[in-house]
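Next comes run_39.cif, with mmCIF, C-alpha atoms.
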data_data
#
loop_
_atom_site.label_atom_id
_atom_site.label_comp_id
_atom_site.auth_asym_id
_atom_site.auth_seq_id
_atom_site.Cartn_x
_atom_site.Cartn_y
_atom_site.Cartn_z
CA MET D 1 -3.57 6.49 -30.49
CA THR D 2 -1.74 9.10 -32.55
CA VAL D 3 0.48 11.24 -30.36
CA GLU D 4 0.25 14.80 -31.61
CA SER D 5 2.49 17.61 -30.43
CA SER D 6 0.39 20.44 -31.83
CA ASP D 7 -0.82 23.02 -29.34
CA ALA D 8 -4.24 22.63 -30.98
CA VAL D 9 -4.68 19.20 -29.37
CA THR D 10 -6.61 19.87 -26.17
CA PRO D 11 -6.12 17.77 -23.01
CA GLU D 12 -9.65 16.47 -23.48
CA ARG D 13 -8.92 15.39 -27.05
CA ARG D 14 -5.67 13.74 -26.01
CA LEU D 15 -7.45 11.85 -23.22
CA PHE D 16 -10.14 10.75 -25.68
CA LEU D 17 -7.52 9.40 -28.09
CA GLN D 18 -5.75 7.54 -25.31
CA ARG D 19 -8.98 5.98 -24.12
CA MET D 20 -10.02 4.92 -27.58
CA ALA D 21 -6.70 3.14 -28.13
CA LEU D 22 -7.11 1.36 -24.82
CA ALA D 23 -10.71 0.42 -25.57
CA ALA D 24 -9.62 -1.19 -28.86
CA ALA D 25 -7.65 -3.85 -26.98
CA LEU D 26 -10.33 -6.52 -26.41
CA PRO D 27 -11.42 -8.11 -24.22
CA THR D 28 -11.16 -5.43 -21.59
CA THR D 29 -12.30 -5.44 -17.98
CA ALA D 30 -15.47 -3.78 -19.18
CA ALA D 31 -16.15 -6.59 -21.63
CA VAL D 32 -15.82 -9.22 -18.92
CA LEU D 33 -18.06 -7.39 -16.49
CA GLY D 34 -20.58 -6.33 -19.12
CA THR D 35 -20.32 -2.68 -18.15
CA ALA D 36 -18.15 0.34 -18.83
CA LEU D 37 -14.99 0.78 -16.83
CA PRO D 38 -15.29 3.75 -14.46
CA GLY D 39 -12.25 5.41 -16.05
CA LEU D 40 -13.61 4.98 -19.57
CA ALA D 41 -17.01 6.30 -18.58
CA ALA D 42 -15.44 9.40 -17.07
CA ALA D 43 -13.59 10.13 -20.31
CA ALA D 44 -16.90 10.62 -22.15
CA GLU D 45 -17.63 13.54 -19.85
CA PRO D 46 -14.44 15.57 -19.41
CA GLY D 47 -14.08 16.88 -15.90
CA GLY D 48 -16.52 14.38 -14.42
CA LEU D 49 -15.66 11.97 -11.64
CA PRO D 50 -16.09 8.21 -12.17
CA ASP D 51 -18.47 5.99 -10.26
CA TYR D 52 -17.15 2.86 -8.57
CA ALA D 53 -18.72 -0.23 -7.07
CA ALA D 54 -20.17 -0.07 -3.57
CA ILE D 55 -17.86 -1.03 -0.72
CA PRO D 56 -18.69 -4.44 0.81
CA ALA D 57 -20.00 -4.14 4.35
CA THR D 58 -17.26 -6.52 5.54
CA SER D 59 -14.60 -4.01 4.44
CA VAL D 60 -15.95 -1.12 6.49
CA GLY D 61 -14.40 -0.22 9.83
CA PRO D 62 -15.87 1.56 12.86
CA LYS D 63 -17.21 5.07 12.53
CA THR D 64 -14.97 7.95 13.55
CA ASN D 65 -16.00 10.39 16.25
CA ALA D 66 -16.71 14.11 15.94
CA ASP D 67 -12.98 14.85 15.95
CA GLY D 68 -12.44 12.48 13.02
CA TYR D 69 -10.81 9.47 14.66
CA PHE D 70 -11.63 6.12 16.24
CA VAL D 71 -9.55 4.57 19.01
CA GLY D 72 -10.08 1.06 20.27
CA ARG D 73 -8.48 -1.61 22.38
CA ILE D 74 -6.87 -4.54 20.61
CA LYS D 75 -5.98 -6.48 23.74
CA GLY D 76 -4.72 -5.54 27.18
CA ASN D 77 -2.77 -2.28 26.97
CA LEU D 78 -2.48 -2.33 23.17
CA TYR D 79 -4.65 0.09 21.16
CA TRP D 80 -5.12 1.29 17.62
CA VAL D 81 -6.33 4.55 16.15
CA THR D 82 -7.63 5.33 12.67
CA ASP D 83 -9.16 8.13 10.63
CA SER D 84 -10.38 5.57 8.05
CA PHE D 85 -7.44 6.44 5.78
CA TYR D 86 -4.45 5.54 7.98
CA GLN D 87 -3.76 3.63 11.19
CA ALA D 88 -1.35 3.80 14.10
CA MET D 89 -0.86 1.53 17.11
CA PHE D 90 0.16 2.33 20.69
CA LEU D 91 0.99 0.59 23.95
CA THR D 92 0.11 2.21 27.24
CA THR D 93 2.50 1.40 30.09
CA ARG D 94 3.24 2.52 33.62
CA ASP D 95 6.27 4.39 32.25
CA GLY D 96 4.61 6.11 29.29
CA VAL D 97 3.26 5.38 25.83
CA VAL D 98 4.96 3.55 22.96
CA LEU D 99 3.53 4.74 19.64
CA VAL D 100 4.07 3.00 16.30
CA ASP D 101 3.87 5.48 13.41
CA ALA D 102 2.47 9.01 13.31
CA PRO D 103 0.38 9.45 10.15
CA PRO D 104 -0.17 13.15 9.40
CA THR D 105 -3.82 12.65 8.41
CA ILE D 106 -4.46 11.56 12.00
CA GLY D 107 -2.05 14.20 13.30
CA HIS D 108 -2.97 15.75 16.63
CA ASN D 109 -5.82 13.28 16.99
CA LEU D 110 -3.10 10.84 18.01
CA LEU D 111 -2.60 12.93 21.14
CA ARG D 112 -6.35 13.09 21.72
CA ALA D 113 -6.74 9.34 21.34
CA ILE D 114 -3.85 8.61 23.69
CA GLU D 115 -5.17 11.09 26.25
CA GLU D 116 -8.63 9.52 26.05
CA VAL D 117 -7.31 6.03 26.72
CA THR D 118 -4.72 6.82 29.38
CA ARG D 119 -7.06 9.10 31.31
CA ALA D 120 -9.59 6.29 31.51
CA ASN D 121 -6.95 3.79 32.63
CA GLY D 122 -5.01 6.05 34.99
CA LEU D 123 -1.75 5.70 33.07
CA PRO D 124 0.69 8.39 31.89
CA ALA D 125 -0.17 9.96 28.53
CA LYS D 126 3.34 11.05 27.60
CA VAL D 127 4.71 9.36 24.47
CA THR D 128 8.19 8.21 25.44
CA HIS D 129 8.98 6.05 22.40
CA LEU D 130 7.99 6.39 18.75
CA VAL D 131 8.64 3.46 16.41
CA TYR D 132 8.90 4.14 12.67
CA SER D 133 7.54 1.36 10.46
CA HIS D 134 9.48 2.94 7.57
CA SER D 135 10.58 6.34 6.31
CA HIS D 136 7.60 7.37 4.17
CA ALA D 137 6.05 10.70 5.10
CA ASP D 138 2.45 9.51 4.85
CA HIS D 139 3.05 7.20 7.84
CA ILE D 140 5.43 9.20 10.05
CA GLY D 141 4.95 12.77 8.84
CA ALA D 142 3.46 13.87 12.18
CA SER D 143 6.47 12.68 14.18
CA SER D 144 7.53 16.24 14.97
CA ILE D 145 4.44 16.91 17.13
CA PHE D 146 5.94 14.65 19.80
CA GLY D 147 8.92 16.92 20.36
CA LYS D 148 12.63 16.30 20.76
CA ASP D 149 12.58 14.18 23.91
CA VAL D 150 10.79 11.14 22.50
CA VAL D 151 13.03 8.16 21.68
CA ARG D 152 12.60 7.46 17.98
CA ILE D 153 13.39 3.91 16.86
CA GLY D 154 13.72 2.62 13.31
CA HIS D 155 15.75 0.57 10.90
CA THR D 156 19.27 1.67 10.01
CA GLU D 157 18.13 2.37 6.46
CA THR D 158 15.30 4.54 7.80
CA ARG D 159 17.81 6.80 9.51
CA ARG D 160 19.91 7.02 6.35
CA LEU D 161 16.91 7.92 4.21
CA LEU D 162 15.59 10.49 6.67
CA ARG D 163 18.97 12.15 7.02
CA ILE D 164 18.97 12.59 3.26
CA ALA D 165 15.39 13.90 3.28
CA ALA D 166 16.15 16.40 6.07
CA ASP D 167 12.41 16.79 6.71
CA PRO D 168 11.76 18.60 10.01
CA ASN D 169 8.47 16.72 10.31
CA ARG D 170 10.33 13.38 10.27
CA PRO D 171 13.34 13.55 12.59
CA ALA D 172 15.69 10.62 12.00
CA PRO D 173 15.52 7.83 14.59
CA SER D 174 17.98 8.09 17.46
CA GLU D 175 18.06 4.32 17.98
CA THR D 176 18.43 1.94 15.05
CA PHE D 177 18.81 -1.76 14.33
CA ASP D 178 19.68 -3.96 11.35
CA ASP D 179 17.82 -7.24 11.92
CA ARG D 180 15.98 -7.42 15.24
CA TYR D 181 15.23 -5.16 18.19
CA VAL D 182 13.26 -5.96 21.35
CA LEU D 183 11.68 -2.91 22.95
CA ARG D 184 10.69 -3.25 26.61
CA VAL D 185 8.92 -0.35 28.29
CA GLY D 186 6.94 -0.39 31.53
CA GLY D 187 6.35 -4.12 31.51
CA GLU D 188 5.27 -4.26 27.84
CA VAL D 189 7.13 -5.73 24.86
CA LEU D 190 7.36 -5.07 21.13
CA GLU D 191 9.52 -7.17 18.82
CA LEU D 192 10.82 -5.28 15.78
CA ALA D 193 12.27 -7.16 12.81
CA HIS D 194 13.58 -6.38 9.35
CA HIS D 195 13.14 -9.23 6.86
CA GLY D 196 14.62 -7.43 3.88
CA PRO D 197 13.07 -4.90 1.49
CA ASN D 198 9.43 -5.10 0.44
CA HIS D 199 7.21 -2.05 0.04
CA SER D 200 10.30 0.01 0.85
CA PRO D 201 13.88 -1.01 1.62
CA ASP D 202 13.42 -0.24 5.32
CA ASN D 203 9.88 -1.47 6.07
CA ILE D 204 9.81 -3.46 9.32
CA PHE D 205 7.49 -5.89 11.11
CA VAL D 206 6.29 -4.88 14.59
CA TYR D 207 4.96 -7.75 16.70
CA ALA D 208 3.28 -7.54 20.11
CA PRO D 209 3.63 -11.14 21.38
CA ARG D 210 1.39 -10.83 24.45
CA GLN D 211 -1.41 -9.42 22.32
CA ALA D 212 -0.73 -11.70 19.30
CA THR D 213 -0.81 -8.58 17.10
CA LEU D 214 1.32 -7.79 14.07
CA MET D 215 1.72 -4.36 12.55
CA VAL D 216 3.20 -4.39 9.07
CA VAL D 217 2.44 -1.42 6.86
CA ASP D 218 1.68 -1.30 3.13
CA VAL D 219 1.74 -5.07 2.67
CA LEU D 220 -1.68 -6.44 3.69
CA TYR D 221 -4.87 -4.40 3.24
CA PRO D 222 -7.67 -6.14 5.18
CA GLY D 223 -10.89 -6.15 3.17
CA TRP D 224 -9.45 -4.09 0.31
CA VAL D 225 -7.26 -4.58 -2.73
CA PRO D 226 -3.71 -3.25 -2.35
CA PHE D 227 -3.11 0.41 -3.11
CA LYS D 228 -2.22 1.48 -6.66
CA GLY D 229 0.67 -0.32 -8.32
CA LEU D 230 0.84 -3.12 -5.73
CA ALA D 231 1.24 -0.63 -2.92
CA VAL D 232 3.71 1.45 -4.99
CA SER D 233 6.27 -1.05 -3.76
CA GLN D 234 9.91 -0.59 -4.70
CA ASP D 235 10.57 -4.33 -4.86
CA ILE D 236 7.54 -6.27 -6.14
CA PRO D 237 9.01 -9.81 -5.76
CA ALA D 238 10.07 -9.01 -2.18
CA TRP D 239 6.68 -7.41 -1.48
CA ILE D 240 4.95 -10.62 -2.60
CA LYS D 241 7.33 -12.66 -0.44
CA ALA D 242 6.48 -10.41 2.53
CA HIS D 243 2.96 -11.88 2.50
CA ASP D 244 4.41 -15.24 3.52
CA VAL D 245 6.68 -13.62 6.10
CA ALA D 246 3.65 -11.89 7.65
CA MET D 247 1.60 -15.07 7.69
CA ASP D 248 4.44 -16.96 9.39
CA TYR D 249 3.94 -14.80 12.49
CA PRO D 250 1.42 -16.28 14.97
CA TRP D 251 -0.76 -13.18 14.99
CA ARG D 252 -4.51 -13.05 15.45
CA THR D 253 -4.88 -9.31 14.83
CA LEU D 254 -3.24 -7.27 12.08
CA VAL D 255 -2.66 -3.52 11.94
CA GLY D 256 -2.01 -2.80 8.27
CA GLY D 257 -1.44 0.94 8.49
CA HIS D 258 -4.25 1.84 6.08
CA LEU D 259 -8.02 2.13 5.93
CA GLY D 260 -10.58 1.70 8.66
CA ARG D 261 -10.47 -1.77 10.12
CA LEU D 262 -8.16 -4.31 11.66
CA GLY D 263 -7.28 -7.57 9.96
CA VAL D 264 -7.72 -11.23 10.80
CA ARG D 265 -5.83 -14.17 9.32
CA ALA D 266 -8.49 -14.79 6.69
CA ASP D 267 -7.68 -11.34 5.27
CA GLY D 268 -4.07 -12.35 4.70
CA ASP D 269 -5.10 -15.57 2.99
CA LEU D 270 -7.55 -13.68 0.78
CA GLN D 271 -4.98 -11.13 -0.35
CA LYS D 272 -2.50 -13.89 -1.15
CA ARG D 273 -5.11 -15.44 -3.44
CA TYR D 274 -5.79 -12.07 -5.07
CA VAL D 275 -2.10 -11.52 -5.79
CA ALA D 276 -1.68 -15.08 -7.10
CA ASP D 277 -4.71 -14.68 -9.39
CA LEU D 278 -3.34 -11.36 -10.60
CA GLU D 279 -0.01 -12.96 -11.48
CA THR D 280 -1.73 -15.85 -13.25
CA GLY D 281 -3.96 -13.46 -15.19
CA THR D 282 -1.03 -11.27 -16.16
CA ARG D 283 0.95 -14.21 -17.51
CA ALA D 284 -2.09 -15.34 -19.50
CA ALA D 285 -2.64 -11.86 -20.90
CA MET D 286 1.00 -11.57 -21.93
CA ALA D 287 0.59 -14.78 -23.89
CA SER D 288 -2.72 -13.82 -25.49
CA VAL D 289 -2.45 -10.15 -26.47
CA ASP D 290 -1.05 -9.86 -30.00
CA PRO D 291 1.57 -7.08 -30.10
CA THR D 292 1.43 -6.78 -33.90
CA PRO D 293 -1.21 -4.00 -34.16
CA PHE D 294 0.70 -1.79 -31.74
CA PHE D 295 3.95 -2.12 -33.66
CA GLU D 296 2.19 -1.60 -37.01
CA LYS D 297 0.42 1.52 -35.78
CA TYR D 298 3.25 3.40 -34.07
CA LYS D 299 6.62 1.97 -35.15
CA PRO D 300 6.58 3.52 -38.67
CA SER D 301 6.43 7.00 -37.13
CA GLY D 302 9.21 6.13 -34.69
CA ASN D 303 7.01 6.55 -31.61
CA SER D 304 8.46 3.76 -29.50
CA TRP D 305 6.83 4.96 -26.32
CA ALA D 306 3.39 4.69 -27.95
CA VAL D 307 4.16 1.06 -28.81
CA PHE D 308 5.06 0.33 -25.21
CA LYS D 309 2.17 2.25 -23.66
CA THR D 310 -0.67 0.87 -25.74
CA TYR D 311 0.61 -2.71 -25.65
CA LEU D 312 1.30 -2.70 -21.90
CA ASP D 313 -2.03 -1.00 -21.13
CA ALA D 314 -3.86 -3.60 -23.22
CA VAL D 315 -2.15 -6.48 -21.40
CA ALA D 316 -2.88 -4.93 -18.00
CA GLU D 317 -6.55 -4.41 -18.86
CA ARG D 318 -6.94 -7.98 -20.07
CA ALA D 319 -5.15 -9.32 -16.99
CA ALA D 320 -7.32 -7.25 -14.65
CA ALA D 321 -10.67 -8.27 -16.14
CA PRO D 322 -11.09 -11.76 -14.65
CA VAL D 323 -9.63 -10.65 -11.31
CA VAL D 324 -12.09 -7.76 -11.03
CA ALA D 325 -14.94 -10.12 -11.89
CA LYS D 326 -13.84 -12.73 -9.32
CA TYR D 327 -13.35 -10.36 -6.39
CA ALA D 328 -16.22 -7.92 -7.02
CA GLY D 329 -18.22 -7.69 -3.79
CA VAL D 330 -15.44 -9.48 -1.90
CA LEU D 331 -12.59 -6.97 -1.83
CA ALA D 332 -13.33 -3.26 -1.66
CA ALA D 333 -12.17 -1.09 -4.58
CA VAL D 334 -11.26 -4.07 -6.76
CA ASP D 335 -12.47 -2.00 -9.73
CA VAL D 336 -10.41 1.01 -8.66
CA PHE D 337 -6.86 -0.31 -8.45
CA THR D 338 -6.75 -3.76 -10.07
CA PRO D 339 -5.83 -2.43 -13.54
CA ASP D 340 -2.98 -0.44 -11.95
CA ASN D 341 -1.96 -3.48 -9.91
CA ALA D 342 -1.97 -5.61 -13.06
CA PHE D 343 0.30 -3.08 -14.74
CA ALA D 344 2.73 -3.23 -11.80
CA MET D 345 2.67 -7.03 -11.91
CA LEU D 346 3.31 -6.93 -15.66
CA GLU D 347 6.29 -4.63 -15.27
CA SER D 348 7.71 -6.79 -12.49
CA LEU D 349 7.39 -9.92 -14.64
CA ARG D 350 9.15 -8.10 -17.48
CA ILE D 351 11.89 -6.42 -15.51
CA ASP D 352 12.39 -8.62 -12.45
CA ALA D 353 11.58 -12.04 -13.93
CA GLY D 354 12.91 -11.34 -17.44
CA GLU D 355 9.66 -12.25 -19.19
CA LEU D 356 10.00 -9.56 -21.83
CA GLY D 357 7.40 -10.75 -24.33
CA PRO D 358 7.62 -8.84 -27.64
CA PHE D 359 10.58 -6.87 -26.27
CA SER D 360 12.80 -9.90 -25.71
CA THR D 361 16.07 -10.79 -27.49
CA ARG D 362 15.73 -10.32 -31.22
CA PRO D 363 16.21 -13.61 -33.15
#
Go ahead and express the file in the form of structure tokens.
Amino acid sequence: MTVESSDAVTPERRLFLQRMALAAALPTTAAVLGTALPGLAAAAEPGGLPDYAAIPATSVGPKTNADGYFVGRIKGNLYWVTDSFYQAMFLTTRDGVVLVDAPPTIGHNLLRAIEEVTRANGLPAKVTHLVYSHSHADHIGASSIFGKDVVRIGHTETRRLLRIAADPNRPAPSETFDDRYVLRVGGEVLELAHHGPNHSPDNIFVYAPRQATLMVVDVLYPGWVPFKGLAVSQDIPAWIKAHDVAMDYPWRTLVGGHLGRLGVRADGDLQKRYVADLETGTRAAMASVDPTPFFEKYKPSGNSWAVFKTYLDAVAERAAAPVVAKYAGVLAAVDVFTPDNAFAMLESLRIDAGELGPFSTRP
């Protein structure tokens, strides 16, 4: 890839040059699968949208209703609600409802789902407590619809971050904890725990012991590969460790915060294998991709960023290829985010583990 600053270089031309440089790093994911990568195919037709592999039937959750949500019982008085993009969980009690997270894409359908359940069971529909899994707006950005009287509970760091954000849609929690917090409302129990940073510095584990249900958000993705960049996690080593923390809980049902279905223990085991294979593949790619062509092409012109980009992209593509091939038809969207996940793994190995490859200490 030659980076040109001329205004005559169109976005389409620049994208073409970037793709050609990436395609030159063999073998790519496409080479392993014997087909073009969706992203590469899209580049041949500027403005077009890529095609991806079909979603395995085992990854698909229940259909949403006419209002765009599904609500179902997990066990006893514990329920979950989803719009197929996000998930929330709630406990109905004789004293009111305890809600965990308020994703904005579900929004006011949270109120509809709660009303539907409590009306059928003859319990109060008022949300008295709202637990924040963490501070991110995509999971609690509809908190404001529950008004000022609800008791908001979250980690100490969540309150600090939300006070800085000053987002009226995410009022800071009024009750906080550092390590553990047991919430008892109307005869029901939730155990909240912070086991250190993972996806975010404040992400907590919410366990319903009577229902053997764990809610931990942006760590495990039942039936799917993790979201882009290993769940855009701020601490990749801690995020990987959080898999073991989650599996140490005696849960039978998992609420992962994303997508359209609940998880079972086999889902956690499967994602651990995916992440382990991704790390193994990334280490192998780092050892096998020759950095020489990238330095020879871009270093004479002084374009250091081009050296980094093309080399790192080539390693990520090579690392992703065998993982995509192995989990195709097993994990949904393995072809969508595995290259991005491989890149995040590569950067974590470089920066967190000190495996710098061609950018290590000069002899």
For the file shown, what are the residues hit by the PyMOL selection byres ((chain D and resi 77-80) around 6), laid out as a compact mmCIF listing (two decimals) with C-alpha atoms, keeping the file's coordinate frame?
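Result written to selection03.txt:
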# COMPACT_ATOMS: atom_id res chain seq x y z
CA VAL D 71 -9.55 4.57 19.01
CA GLY D 72 -10.08 1.06 20.27
CA ARG D 73 -8.48 -1.61 22.38
CA ILE D 74 -6.87 -4.54 20.61
CA LYS D 75 -5.98 -6.48 23.74
CA GLY D 76 -4.72 -5.54 27.18
CA VAL D 81 -6.33 4.55 16.15
CA ALA D 88 -1.35 3.80 14.10
CA MET D 89 -0.86 1.53 17.11
CA PHE D 90 0.16 2.33 20.69
CA LEU D 91 0.99 0.59 23.95
CA THR D 92 0.11 2.21 27.24
Spatial neighbours of Thr82 in chain D, 10 Å, all atoms listed in the file, chain gap at least 2 places, as a PyMOL selection string: chain D and resi 61-64+68-72+80+84-89+103+105-106+109-110+113+257-262
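Distances to Leu331 in chain D were evaluated for D:Gly147, D:Gly223, D:Pro168, D:Gly47 using all atoms listed in the file, and the minimum falls at D:Gly223.
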- prompt: Given the choices D:Phe146, D:Tyr274, D:Trp305, D:Tyr132, which gets closest to Ala172 in chain D if the distance is worked out from all atoms listed in the file?
  reply: D:Tyr132
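Among the candidate residues D:Phe337, D:Trp251, D:Tyr311, D:Phe294, the one lying nearest to Val323 in chain D is D:Phe337, with distances computed using all atoms listed in the file.
In this model, the gap between CA of Glu347 in chain D and CA of Ile204 in chain D comes to 24.9 Å.
The interatomic distance for the pair CA of Val131 in chain D and CA of Val206 in chain D works out to 8.9 Å.
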task: Skip Gly187 in chain D itself and residues of its chain fewer than 6 positions away, then list as an MDAnalysis selection string all residues within 9 Å of it, counting only C-alpha atoms.
output: chainID D and resid 93:95
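Put simply, the PyMOL selection byres ((chain D and resi 316) around 9) in this file takes in Thr282, Ala285, Met286, Tyr311, Leu312, Asp313, Ala314, Val315, Glu317, Arg318, Ala319, Ala320, Ala321, Thr338, Pro339, Asp340, Asn341, Ala342, Phe343, Ala344, Met345 and Leu346 of chain D.
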I'd like the neighbourhood of Asp178 in chain D as an mmCIF file with C-alpha atoms, in the frame of the given file, where a residue qualifies if any of its atoms comes within 9 Å (using all atoms listed in the file), though same-chain residues fewer than 2 positions away should be ignored.
data_model
loop_
_atom_site.group_PDB
_atom_site.id
_atom_site.type_symbol
_atom_site.label_atom_id
_atom_site.label_comp_id
_atom_site.auth_asym_id
_atom_site.auth_seq_id
_atom_site.Cartn_x
_atom_site.Cartn_y
_atom_site.Cartn_z
ATOM 1 C CA HIS D 155 15.750 0.570 10.900
ATOM 2 C CA THR D 156 19.270 1.670 10.010
ATOM 3 C CA GLU D 157 18.130 2.370 6.460
ATOM 4 C CA THR D 176 18.430 1.940 15.050
ATOM 5 C CA ARG D 180 15.980 -7.420 15.240
ATOM 6 C CA TYR D 181 15.230 -5.160 18.190
ATOM 7 C CA ALA D 193 12.270 -7.160 12.810
ATOM 8 C CA HIS D 194 13.580 -6.380 9.350
#
message: Taking the file as I've supplied it (selection: the PyMOL selection byres ((chain D and resi 135) around 10)), which residues are included? Please answer as a ChimeraX atom specification.
response: /D:101,132-134,136-141,154-155,157-162,165,170-173,200-203
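Straight-line separation from CA of Gly329 in chain D to CA of Ala53 in chain D: 8.2 Å.
Considering the residues D:Phe359, D:Glu191, D:Gly263, D:Arg184 and counting all atoms listed in the file, Ser304 in chain D has its shortest atom-to-atom contact with D:Phe359.
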Please identify all polymer residues within 10 Å of Ile236 in chain D, counting only C-alpha atoms, omitting same-chain residues fewer than 2 positions from it, and present them as a PDB file with C-alpha atoms, in the frame of the given file.
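Writing done, so here's result_6.pdb:
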ATOM      1  CA  PRO D 197      13.070  -4.900   1.490  1.00  0.00           C
ATOM      2  CA  ASN D 198       9.430  -5.100   0.440  1.00  0.00           C
ATOM      3  CA  HIS D 199       7.210  -2.050   0.040  1.00  0.00           C
ATOM      4  CA  SER D 200      10.300   0.010   0.850  1.00  0.00           C
ATOM      5  CA  GLY D 229       0.670  -0.320  -8.320  1.00  0.00           C
ATOM      6  CA  LEU D 230       0.840  -3.120  -5.730  1.00  0.00           C
ATOM      7  CA  ALA D 231       1.240  -0.630  -2.920  1.00  0.00           C
ATOM      8  CA  VAL D 232       3.710   1.450  -4.990  1.00  0.00           C
ATOM      9  CA  SER D 233       6.270  -1.050  -3.760  1.00  0.00           C
ATOM     10  CA  GLN D 234       9.910  -0.590  -4.700  1.00  0.00           C
ATOM     11  CA  ALA D 238      10.070  -9.010  -2.180  1.00  0.00           C
ATOM     12  CA  TRP D 239       6.680  -7.410  -1.480  1.00  0.00           C
ATOM     13  CA  ILE D 240       4.950 -10.620  -2.600  1.00  0.00           C
ATOM     14  CA  LYS D 241       7.330 -12.660  -0.440  1.00  0.00           C
ATOM     15  CA  ALA D 242       6.480 -10.410   2.530  1.00  0.00           C
ATOM     16  CA  ALA D 344       2.730  -3.230 -11.800  1.00  0.00           C
ATOM     17  CA  MET D 345       2.670  -7.030 -11.910  1.00  0.00           C
ATOM     18  CA  GLU D 347       6.290  -4.630 -15.270  1.00  0.00           C
ATOM     19  CA  SER D 348       7.710  -6.790 -12.490  1.00  0.00           C
ATOM     20  CA  LEU D 349       7.390  -9.920 -14.640  1.00  0.00           C
ATOM     21  CA  ASP D 352      12.390  -8.620 -12.450  1.00  0.00           C
TER      22      ASP D 352
END
Which polymer residues have any atom within 8 Å of an atom of Leu220 in chain D, counting only C-alpha atoms, with same-chain residues fewer than 5 positions away left out, as a compact mmCIF listing (two decimals) with C-alpha atoms, in the coordinates of the input?
# COMPACT_ATOMS: atom_id res chain seq x y z
CA PRO D 226 -3.71 -3.25 -2.35
CA HIS D 243 2.96 -11.88 2.50
CA GLY D 256 -2.01 -2.80 8.27
CA ASP D 267 -7.68 -11.34 5.27
CA GLY D 268 -4.07 -12.35 4.70
CA GLN D 271 -4.98 -11.13 -0.35
Grab all the atoms of range 344-353 of chain D that the file lists, wrap them in a box along x, y and z, add 5 Å per side, and give me centre plus edge lengths in Å (one decimal) as AutoDock Vina command-line options.
--center_x 7.5 --center_y -7.6 --center_z -14.6 --size_x 19.7 --size_y 18.8 --size_z 15.7
message: Calculated over only C-alpha atoms, which of the candidates D:Pro300, D:Pro50, D:Gly281, D:Pro209 has the smallest distance to Lys326 in chain D?
response: D:Gly281
query: Between D:Leu278, D:Ile114, D:Val97, D:Val219, which one has atoms that come closest to Thr128 in chain D, using only C-alpha atoms?
result: D:Val97
Requested file, range 49-66 of chain D restricted to C-alpha atoms, as a PDB file, in the first residue's frame:
ATOM      1  CA  LEU D  49     -22.551  -4.575   1.538  1.00  0.00           C
ATOM      2  CA  PRO D  50     -20.714  -7.857   2.197  1.00  0.00           C
ATOM      3  CA  ASP D  51     -22.341 -11.254   2.490  1.00  0.00           C
ATOM      4  CA  TYR D  52     -21.635 -13.391   5.544  1.00  0.00           C
ATOM      5  CA  ALA D  53     -22.183 -17.022   6.443  1.00  0.00           C
ATOM      6  CA  ALA D  54     -25.617 -18.153   7.583  1.00  0.00           C
ATOM      7  CA  ILE D  55     -26.285 -18.124  11.316  1.00  0.00           C
ATOM      8  CA  PRO D  56     -26.361 -21.624  12.863  1.00  0.00           C
ATOM      9  CA  ALA D  57     -29.815 -22.581  14.077  1.00  0.00           C
ATOM     10  CA  THR D  58     -28.389 -23.269  17.548  1.00  0.00           C
ATOM     11  CA  SER D  59     -27.379 -19.597  17.859  1.00  0.00           C
ATOM     12  CA  VAL D  60     -30.842 -18.203  17.210  1.00  0.00           C
ATOM     13  CA  GLY D  61     -33.051 -17.101  20.090  1.00  0.00           C
ATOM     14  CA  PRO D  62     -36.841 -16.828  20.364  1.00  0.00           C
ATOM     15  CA  LYS D  63     -38.762 -14.575  18.017  1.00  0.00           C
ATOM     16  CA  THR D  64     -39.722 -11.125  19.248  1.00  0.00           C
ATOM     17  CA  ASN D  65     -43.347 -10.023  19.388  1.00  0.00           C
ATOM     18  CA  ALA D  66     -45.063  -7.264  17.423  1.00  0.00           C
TER      19      ALA D  66
END
